[in-house]
Amino acid sequence: MPKPPPLRLGVNVDHVATLRNARAGERPDPVRAALAAIEAGADGITAHLREDRRHIRDDDMARLRSEISKPLNFEMAATEDMLKIALATKPHAVCLVPERREELTTEGGLDVVGQHNALAPYIARLNDAGIRVSLFISAEPQQIEMAAKLRAPVIEIHTGGWCDAVVDGRTVKADTEWQRIVNGVRLARAAGLEVHAGHGLDYKTAETIAGLPEIAELNIGYFMIGEALFVGIGETVRMMRAAMDRGRKSHLVKT
């Protein structure tokens, strides 16, 4: 059994901006949070520039791109306006996500099967610009297979359903969702896709999913920013990294 790749941690700083925007001021600064996360060991920074600018703003993306020393993962909806910003910003990666104005957070994966004709030109233009494209999708075989056909090199599996079931103690639902994830990541790797995962992860679920050797990166935001209120962003990153390392090590022990 080959050794799995190192598991990267991407820290999403959206909700530092949510807190800042509650007072319409400049503090707390999401860029400062990103720099602190990197100093503590984060491998990259994720930020979602929503169409309604409810948290991250355009100048945040520009500053993140110029000031952080690690890869920037630019989450966005597939719109012409966002594509123009992404091409001007030139982040390391763009993750295309579904977006609805009325939702509190991203509620599900992108429907790449139903929207493949609309998504194809965005993926092609980002690929041509040298920006790595990721598609945020559920762990459904049809979605994974279409992502591969669309020439997106990366998918990010939406883990929200599983994480919510774990937190709520719905064991049967959690087990069903977990098996979907396990099957999905294996299918994705067999199709030649790099696999990331995110949404709703905490220390416990991050440790569990880190045991899947097919996954190369976890992107975590809301939980970590909440924890940082009590122990600081640096300590939160270190604790999350330790949980991920324990999970990865458990795979090596089993094999």
# chains A, B, ... in the order shown; residues from 1 in each chain; ligands from 1
>>> select_by_dssp(residues="segment 44-234 of chain A", states="alpha helix (DSSP H)", output="JSON, numbers by chain")
{"A": [58, 59, 60, 61, 62, 63, 64, 65, 66, 67, 80, 81, 82, 83, 84, 85, 86, 87, 88, 89, 116, 117, 118, 119, 120, 121, 122, 123, 124, 125, 126, 127, 128, 141, 142, 143, 144, 145, 146, 147, 148, 149, 160, 161, 162, 163, 164, 165, 166, 167, 168, 171, 172, 173, 174, 175, 176, 177, 178, 179, 180, 181, 182, 183, 184, 185, 186, 187, 188, 189, 190, 203, 204, 205, 206, 207, 208, 209, 222, 223, 224, 225, 226, 227, 228, 229, 230, 231, 233, 234]}
>>> select_by_dssp(residues="segment 9-201 of chain A", states="strand (DSSP E or B)", output="ChimeraX atom specification")
/A:9-12,44-48,72-76,93-96,132-137,154-158,194-198
>>> residues_around(residues="Ala33 of chain A", least_positions_apart="4", cutoff="9 Å", atoms="only C-alpha atoms", output="PDB file with C-alpha atoms, in the first residue's frame")
ATOM      1  CA  VAL A  13     -11.414  33.213   6.844  1.00  0.00           C
ATOM      2  CA  VAL A  16     -13.664  36.828  10.394  1.00  0.00           C
ATOM      3  CA  PRO A  28     -11.153  42.123  12.835  1.00  0.00           C
ATOM      4  CA  ASP A  29      -9.120  41.887   9.657  1.00  0.00           C
ATOM      5  CA  ALA A  37      -3.199  30.820  10.483  1.00  0.00           C
ATOM      6  CA  ILE A  38      -0.267  30.419   8.099  1.00  0.00           C
ATOM      7  CA  ILE A 233      -6.402  31.242  15.703  1.00  0.00           C
TER       8      ILE A 233
END
>>> closest_residue(among="A:Ala228, A:Leu135, A:Ala22, A:Ala62", to="His116 of chain A", atoms="only C-alpha atoms")
A:Leu135
>>> residues_around(residues="Ser66 of chain A", least_positions_apart="3", cutoff="12 Å", atoms="only C-alpha atoms", output="ChimeraX atom specification")
/A:31,35,59-63,69-72,89-92
>>> residues_around(residues="Gln115 of chain A", least_positions_apart="4", cutoff="12 Å", atoms="only C-alpha atoms", output="list in words")
Ala78, Leu96, Val97, Pro98, Gly109, Leu110, Asp111, Leu119, Ala120, Pro121, Tyr122, Leu135, Gln143, Met146, Ala147 and Leu150 of chain A
>>> write_last_selection(atoms="N, CA and C atoms", output="PDB file, in the first residue's frame")
ATOM      1  N   ALA A  78     -20.231  30.575 -10.440  1.00  0.00           N
ATOM      2  CA  ALA A  78     -19.854  30.641 -11.859  1.00  0.00           C
ATOM      3  C   ALA A  78     -20.656  31.745 -12.540  1.00  0.00           C
ATOM      4  N   LEU A  96     -15.392  26.426  -7.643  1.00  0.00           N
ATOM      5  CA  LEU A  96     -16.723  26.842  -8.067  1.00  0.00           C
ATOM      6  C   LEU A  96     -17.754  26.204  -7.141  1.00  0.00           C
ATOM      7  N   VAL A  97     -18.619  27.061  -6.585  1.00  0.00           N
ATOM      8  CA  VAL A  97     -19.602  26.610  -5.594  1.00  0.00           C
ATOM      9  C   VAL A  97     -20.992  27.104  -5.994  1.00  0.00           C
ATOM     10  N   PRO A  98     -22.042  26.402  -5.527  1.00  0.00           N
ATOM     11  CA  PRO A  98     -23.400  26.919  -5.738  1.00  0.00           C
ATOM     12  C   PRO A  98     -23.634  28.098  -4.802  1.00  0.00           C
ATOM     13  N   GLY A 109     -23.902  20.605  -2.727  1.00  0.00           N
ATOM     14  CA  GLY A 109     -22.886  20.639  -3.757  1.00  0.00           C
ATOM     15  C   GLY A 109     -23.400  21.226  -5.062  1.00  0.00           C
ATOM     16  N   LEU A 110     -22.475  21.596  -5.901  1.00  0.00           N
ATOM     17  CA  LEU A 110     -22.783  22.112  -7.233  1.00  0.00           C
ATOM     18  C   LEU A 110     -23.365  20.992  -8.091  1.00  0.00           C
ATOM     19  N   ASP A 111     -24.401  21.285  -8.855  1.00  0.00           N
ATOM     20  CA  ASP A 111     -24.998  20.290  -9.749  1.00  0.00           C
ATOM     21  C   ASP A 111     -24.280  20.342 -11.095  1.00  0.00           C
ATOM     22  N   LEU A 119     -21.181  25.393 -17.045  1.00  0.00           N
ATOM     23  CA  LEU A 119     -19.921  25.407 -16.305  1.00  0.00           C
ATOM     24  C   LEU A 119     -18.703  25.237 -17.196  1.00  0.00           C
ATOM     25  N   ALA A 120     -18.851  24.502 -18.295  1.00  0.00           N
ATOM     26  CA  ALA A 120     -17.708  24.150 -19.140  1.00  0.00           C
ATOM     27  C   ALA A 120     -16.872  25.362 -19.564  1.00  0.00           C
ATOM     28  N   PRO A 121     -17.478  26.473 -20.046  1.00  0.00           N
ATOM     29  CA  PRO A 121     -16.631  27.603 -20.466  1.00  0.00           C
ATOM     30  C   PRO A 121     -15.883  28.278 -19.320  1.00  0.00           C
ATOM     31  N   TYR A 122     -16.469  28.289 -18.125  1.00  0.00           N
ATOM     32  CA  TYR A 122     -15.775  28.873 -16.965  1.00  0.00           C
ATOM     33  C   TYR A 122     -14.558  28.020 -16.597  1.00  0.00           C
ATOM     34  N   LEU A 135     -14.241  21.788  -8.128  1.00  0.00           N
ATOM     35  CA  LEU A 135     -15.702  21.820  -8.127  1.00  0.00           C
ATOM     36  C   LEU A 135     -16.205  21.282  -6.799  1.00  0.00           C
ATOM     37  N   GLN A 143     -22.085  13.021 -10.306  1.00  0.00           N
ATOM     38  CA  GLN A 143     -21.435  14.334 -10.195  1.00  0.00           C
ATOM     39  C   GLN A 143     -19.924  14.199 -10.354  1.00  0.00           C
ATOM     40  N   MET A 146     -19.007  13.474 -14.018  1.00  0.00           N
ATOM     41  CA  MET A 146     -19.138  14.664 -14.859  1.00  0.00           C
ATOM     42  C   MET A 146     -18.013  15.660 -14.569  1.00  0.00           C
ATOM     43  N   ALA A 147     -17.592  15.775 -13.322  1.00  0.00           N
ATOM     44  CA  ALA A 147     -16.474  16.660 -12.991  1.00  0.00           C
ATOM     45  C   ALA A 147     -15.231  16.253 -13.766  1.00  0.00           C
ATOM     46  N   LEU A 150     -15.492  17.256 -17.383  1.00  0.00           N
ATOM     47  CA  LEU A 150     -15.362  18.699 -17.573  1.00  0.00           C
ATOM     48  C   LEU A 150     -13.917  19.197 -17.437  1.00  0.00           C
TER      49      LEU A 150
END
>>> atom_distance(atom1="atom CA of Val94 of chain A", atom2="atom CA of Ile220 of chain A")
15.8 Å
>>> closest_residue(among="A:Pro153, A:Gly198, A:Gly169, A:Gly211", to="Arg248 of chain A", atoms="only C-alpha atoms")
A:Gly211
>>> residues_around(residues="Ile56 of chain A", least_positions_apart="5", cutoff="8 Å", atoms="only C-alpha atoms", output="MDAnalysis selection string")
chainID A and resid 14 17:18 47:50 61
>>> atom_distance(atom1="atom CA of Thr171 of chain A", atom2="atom CA of Ala139 of chain A")
18.7 Å
>>> closest_residue(among="A:Asn183, A:Gln142, A:Asn117, A:Ser134", to="Glu214 of chain A", atoms="only C-alpha atoms")
A:Asn183
>>> closest_residue(among="A:Arg32, A:Arg151, A:Arg241, A:Lys249", to="Asp202 of chain A", atoms="only C-alpha atoms")
A:Arg241
>>> residues_around(residues="Ile157 of chain A", least_positions_apart="2", cutoff="7 Å", atoms="only C-alpha atoms", output="ChimeraX atom specification")
/A:136-139,155,159,196-198
